Structure formats: structure tokens, C-alpha cells
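Trainee: Dumping the structure here so I can ask a few things about it.
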Amino acid sequence: MTSNTFLRWASETERKIRSNSNRKEIRYGDGNKEINEGDAKMNEEKINLGIVVAEFNYDITYAMLELAKEHAIFLGARIEKIVKVPGVFDIPLALKKLLEISEIDAVITLGAVVEGQTEHDEIIAQHASRKIVDLSIEYGKPVGLGISGPGMSRLEAHERVEYAKRAVEAAVKMVKRIRGLSVSNSYTEGEKFKREFTKEEENAFAGLRAMG
């Protein structure tokens, strides 16, 4: 291969790499800025929440529900649907149905498991919370765990209605973080290659051009 032919080949290779990288100039200096701006734009989108609340101990869970709705409004989220179920044990099924709705970004679960004379409260809380986690992972959507107990008295349950607020806050934060990850991962393989090429190969091509 002659010198001129080699230089033409190098120039053509460089041109193809640049044109295949989605025709968008992305360099290390401003790449993070572009991603962060995308995160901010995604996070500005409305967050739609669903709520599943247990009716058992409703004097407690009603207060949790009202607090959850109030805090959702404060955070700029919208309550899309509220489902009431008999008890904490019944939450997973209703949760599954809400997670299947595409418009709902996250679901809040609310309940109070008060201690009784047996270990019934521990069994309910453990199995419900485990299934809630499984459903969150299965559907890829955040679920705020606003279920207090087990092992607490009714007085302690009243003192823990703030669990509802914390559950809403956690769910909203998770939606924003996941949206940010989606933006960061949305770049094509060509763009990823472009960033690596710009850093590691720019000098080599500059040297080849200088030879001409």
C-alpha cells in the first residue's frame, strides 16, 4: 500500500467512524453535561402514583392515606388510582394490578400490622413485604413500603403514620433516579465508540494527516 493510498484509507476510516456515531459530537468534556440535562428534562415529567391501602386498623391507615396524598401533591406527583384492600395480606394482589397499568410509575403500599397475642402479625408482615419487593423487581417499578409493624402496639402504630410520607418520598426519588438511568443508557453503541475513539485515537489520526 503506497503512502497516498494509506492516507486515503485512514481518512476514509476516520470519516466512517464519525458518521456512524449518530452524527452527534459528544466529547468527554461536555458528555456528562448533556446527560445531566437529559436527566433534568426526564425528571420534570409528571410522576403518576398508585396507592394500595389496607382497611384493617383503618383509623390508622386512613391517616396514613391522607398524609400520603398530601405529600404526593407537595412533591409534584399525581395520585392516579387508590385501591383499598381488607388487610396487609391482601396488598400484593392489588399491587400487581396497579403495576400492570402503564400510566402508573410507582405504587405506595400502606398498612399497619399491630401486635397480637400470637405471631400472626410477624407472618403477615414478612410475607407481604417479601412479595412487595418481588413485584417491584418483576415489573421494574418502584414500590414505596409504607407498612408499619410488626411488633408494635396501637399507640406505636399511631406514632408511625409518618411511614406513609417516607414511602411516597422514596418512590418519587426512585422514579427520578430510574429515569435518569434510562437517559444515560439511551446512547447508541456508536456514540459510546465515538467517545472512546475521540479520546484514544484522535492523536493517531492527527499524526497520519500530518504525514500528508
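Residues in the C-alpha cells are numbered from 1 in each chain, the chains being A, B, ... in the order shown, and ligands are numbered from 1 in the order shown.
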For the strand (DSSP E) assignment from backbone DSSP, which residues of range 119-181 of chain A qualify? Please present them as a count of residues only.
Mentor: 6
Trainee: Tell me, as a VMD selection string, which residues lie within 9 Å of Ala170 in chain A, counting only C-alpha atoms; anything in the same chain fewer than 2 positions away does not count.
Mentor: chain A and resid 142 to 145 165 to 168 172 to 175
Trainee: Restrict the selected residues to N, CA and C atoms and save them as an mmCIF file, in the first residue's frame.
Mentor:
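result01.cif, written as the output of this step:
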```cif
data_model
loop_
_atom_site.group_PDB
_atom_site.id
_atom_site.type_symbol
_atom_site.label_atom_id
_atom_site.label_comp_id
_atom_site.auth_asym_id
_atom_site.auth_seq_id
_atom_site.Cartn_x
_atom_site.Cartn_y
_atom_site.Cartn_z
ATOM 1 N N PRO A 142 -40.769 1.274 41.050
ATOM 2 C CA PRO A 142 -40.593 1.441 42.490
ATOM 3 C C PRO A 142 -41.895 1.207 43.260
ATOM 4 N N VAL A 143 -41.756 0.627 44.429
ATOM 5 C CA VAL A 143 -42.883 0.454 45.347
ATOM 6 C C VAL A 143 -42.475 1.011 46.697
ATOM 7 N N GLY A 144 -43.215 1.998 47.177
ATOM 8 C CA GLY A 144 -42.922 2.587 48.477
ATOM 9 C C GLY A 144 -43.534 1.747 49.586
ATOM 10 N N LEU A 145 -42.709 1.299 50.513
ATOM 11 C CA LEU A 145 -43.190 0.445 51.598
ATOM 12 C C LEU A 145 -43.610 1.312 52.786
ATOM 13 N N LYS A 165 -45.509 9.064 54.537
ATOM 14 C CA LYS A 165 -44.770 10.172 53.917
ATOM 15 C C LYS A 165 -43.430 9.686 53.382
ATOM 16 N N ARG A 166 -42.738 8.884 54.179
ATOM 17 C CA ARG A 166 -41.438 8.371 53.762
ATOM 18 C C ARG A 166 -41.564 7.459 52.549
ATOM 19 N N ALA A 167 -42.655 6.686 52.491
ATOM 20 C CA ALA A 167 -42.860 5.780 51.363
ATOM 21 C C ALA A 167 -43.074 6.549 50.064
ATOM 22 N N VAL A 168 -43.849 7.616 50.134
ATOM 23 C CA VAL A 168 -44.083 8.450 48.950
ATOM 24 C C VAL A 168 -42.782 9.092 48.483
ATOM 25 N N VAL A 172 -40.994 8.445 44.789
ATOM 26 C CA VAL A 172 -40.774 9.548 43.850
ATOM 27 C C VAL A 172 -39.290 9.681 43.509
ATOM 28 N N LYS A 173 -38.439 9.559 44.511
ATOM 29 C CA LYS A 173 -36.993 9.629 44.267
ATOM 30 C C LYS A 173 -36.537 8.510 43.347
ATOM 31 N N MET A 174 -37.049 7.307 43.577
ATOM 32 C CA MET A 174 -36.650 6.168 42.763
ATOM 33 C C MET A 174 -37.088 6.332 41.305
ATOM 34 N N VAL A 175 -38.286 6.877 41.091
ATOM 35 C CA VAL A 175 -38.740 7.115 39.721
ATOM 36 C C VAL A 175 -37.785 8.069 39.012
#
```
Trainee: Got a sec: who's within 12 Å of Tyr58 in chain A, counting only C-alpha atoms, leaving out chain neighbours fewer than 5 positions off, as a list in words?
Mentor: Val53, Ala63, Met64, Leu65, Glu66, Lys84, Val85, Pro86, Gly87, Val88, Leu110, Gly111, Ala112, Val113, Val114, Arg154, Ala157, His158 and Val161 of chain A
Trainee: List the neighbours of Pro92 in chain A out to 9 Å using only C-alpha atoms; skip same-chain residues closer than 2 positions along the sequence, and give me the result as a list in words.
Mentor: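 That gives Val52, Val88, Phe89, Asp90, Ala94, Leu95, Lys96, Lys97, Thr109, Ala128, Ser129, Lys131, Ile132 and Leu135 of chain A.
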Trainee: Taking N, CA and C atoms for each residue, export the selection above as a compact mmCIF listing (two decimals), in the first residue's frame.
Mentor:
```txt
# COMPACT_ATOMS: atom_id res chain seq x y z
N VAL A 52 -52.06 1.51 47.37
CA VAL A 52 -52.83 0.39 47.92
C VAL A 52 -52.83 0.55 49.44
N VAL A 88 -53.31 -6.09 55.15
CA VAL A 88 -51.96 -6.06 54.58
C VAL A 88 -51.70 -7.32 53.75
N PHE A 89 -52.24 -8.45 54.19
CA PHE A 89 -52.05 -9.71 53.48
C PHE A 89 -52.58 -9.63 52.05
N ASP A 90 -53.57 -8.76 51.81
CA ASP A 90 -54.22 -8.65 50.50
C ASP A 90 -53.56 -7.61 49.59
N ALA A 94 -53.50 -6.54 44.72
CA ALA A 94 -53.89 -5.22 44.21
C ALA A 94 -52.67 -4.47 43.68
N LEU A 95 -51.54 -4.63 44.35
CA LEU A 95 -50.30 -4.01 43.90
C LEU A 95 -49.93 -4.49 42.50
N LYS A 96 -50.04 -5.79 42.27
CA LYS A 96 -49.73 -6.36 40.96
C LYS A 96 -50.60 -5.73 39.87
N LYS A 97 -51.89 -5.56 40.16
CA LYS A 97 -52.80 -4.99 39.17
C LYS A 97 -52.43 -3.54 38.85
N THR A 109 -47.59 1.41 49.16
CA THR A 109 -48.37 0.45 49.94
C THR A 109 -48.47 0.95 51.38
N ALA A 128 -45.91 -10.38 53.25
CA ALA A 128 -46.38 -9.27 52.42
C ALA A 128 -45.20 -8.44 51.91
N SER A 129 -44.27 -8.10 52.79
CA SER A 129 -43.13 -7.27 52.38
C SER A 129 -42.25 -7.99 51.37
N LYS A 131 -43.22 -10.26 49.16
CA LYS A 131 -43.91 -10.28 47.88
C LYS A 131 -43.92 -8.90 47.24
N ILE A 132 -44.00 -7.87 48.04
CA ILE A 132 -43.96 -6.50 47.52
C ILE A 132 -42.63 -6.23 46.81
N LEU A 135 -42.51 -8.10 43.45
CA LEU A 135 -43.32 -7.47 42.41
C LEU A 135 -42.65 -6.21 41.87
```
Trainee: Which residue gives the smallest distance to Ile82 in chain A among A:Ile123, A:Ile108, A:Leu67, A:Ile178, with only C-alpha atoms counted?
Mentor: A:Ile108
Trainee: Could you check how far CA of Lys141 in chain A sits from CA of Glu162 in chain A, in Å to one decimal?
Mentor: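 Those two atoms sit 22.4 Å apart.
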Trainee: Using only C-alpha atoms, find the one residue out of A:Ala77, A:Leu181, A:Val83, A:Ile124 that sits nearest to Ser148 in chain A.
Mentor: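 Among A:Ala77, A:Leu181, A:Val83, A:Ile124, it is A:Ile124 that comes nearest to Ser148 in chain A.
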Trainee: Could you write out, as a ChimeraX atom specification, all the residues of range 120-154 of chain A that DSSP marks as helix (DSSP H, G or I)?
Mentor: /A:120-139,154
Trainee: Grab the residues selected above and save them as a compact mmCIF listing (two decimals), in the first residue's frame with N, CA and C atoms.
Mentor:
```txt
# COMPACT_ATOMS: atom_id res chain seq x y z
N HIS A 120 -48.94 -13.99 64.57
CA HIS A 120 -49.67 -13.77 63.33
C HIS A 120 -49.20 -12.49 62.63
N ASP A 121 -48.94 -11.45 63.41
CA ASP A 121 -48.53 -10.17 62.82
C ASP A 121 -47.18 -10.29 62.11
N GLU A 122 -46.28 -11.07 62.67
CA GLU A 122 -44.96 -11.24 62.06
C GLU A 122 -45.06 -12.00 60.74
N ILE A 123 -45.89 -13.02 60.71
CA ILE A 123 -46.06 -13.81 59.49
C ILE A 123 -46.63 -12.95 58.37
N ILE A 124 -47.66 -12.18 58.69
CA ILE A 124 -48.29 -11.32 57.68
C ILE A 124 -47.29 -10.30 57.15
N ALA A 125 -46.61 -9.61 58.04
CA ALA A 125 -45.67 -8.55 57.63
C ALA A 125 -44.53 -9.10 56.78
N GLN A 126 -43.98 -10.23 57.19
CA GLN A 126 -42.84 -10.81 56.47
C GLN A 126 -43.23 -11.25 55.06
N HIS A 127 -44.34 -11.97 54.96
CA HIS A 127 -44.75 -12.48 53.65
C HIS A 127 -45.20 -11.36 52.72
N ALA A 128 -45.91 -10.38 53.25
CA ALA A 128 -46.38 -9.27 52.42
C ALA A 128 -45.20 -8.44 51.91
N SER A 129 -44.27 -8.10 52.79
CA SER A 129 -43.13 -7.27 52.38
C SER A 129 -42.25 -7.99 51.37
N ARG A 130 -42.08 -9.30 51.54
CA ARG A 130 -41.27 -10.07 50.58
C ARG A 130 -41.92 -10.07 49.21
N LYS A 131 -43.22 -10.26 49.16
CA LYS A 131 -43.91 -10.28 47.88
C LYS A 131 -43.92 -8.90 47.24
N ILE A 132 -44.00 -7.87 48.04
CA ILE A 132 -43.96 -6.50 47.52
C ILE A 132 -42.63 -6.23 46.81
N VAL A 133 -41.54 -6.65 47.43
CA VAL A 133 -40.22 -6.48 46.82
C VAL A 133 -40.14 -7.27 45.51
N ASP A 134 -40.64 -8.49 45.51
CA ASP A 134 -40.60 -9.33 44.31
C ASP A 134 -41.36 -8.68 43.15
N LEU A 135 -42.51 -8.10 43.45
CA LEU A 135 -43.32 -7.47 42.41
C LEU A 135 -42.65 -6.21 41.87
N SER A 136 -42.02 -5.47 42.74
CA SER A 136 -41.30 -4.27 42.30
C SER A 136 -40.22 -4.63 41.30
N ILE A 137 -39.47 -5.67 41.59
CA ILE A 137 -38.39 -6.11 40.70
C ILE A 137 -38.97 -6.70 39.41
N GLU A 138 -40.05 -7.46 39.54
CA GLU A 138 -40.66 -8.10 38.36
C GLU A 138 -41.14 -7.08 37.35
N TYR A 139 -41.76 -6.00 37.82
CA TYR A 139 -42.33 -5.01 36.92
C TYR A 139 -41.38 -3.83 36.67
N ARG A 154 -50.98 -0.35 69.32
CA ARG A 154 -51.78 0.58 68.55
C ARG A 154 -51.26 2.01 68.73
```
Trainee: Enter the distance from CA of Ile60 in chain A to CA of Val107 in chain A, in Å, rounded to one decimal.
Mentor: 19.3 Å
Trainee: What gap, in Å, lies between CA of Ser182 in chain A and CA of Leu98 in chain A?
Mentor: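 Rounded to one decimal, the two atoms are 21.8 Å apart.
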Trainee: Determine the nearest neighbour of Tyr163 in chain A from the options A:Leu49, A:Gly149, A:Leu93, A:Lys176, counting only C-alpha atoms.
Mentor: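 With only C-alpha atoms as the atom set, the closest residue is A:Gly149.
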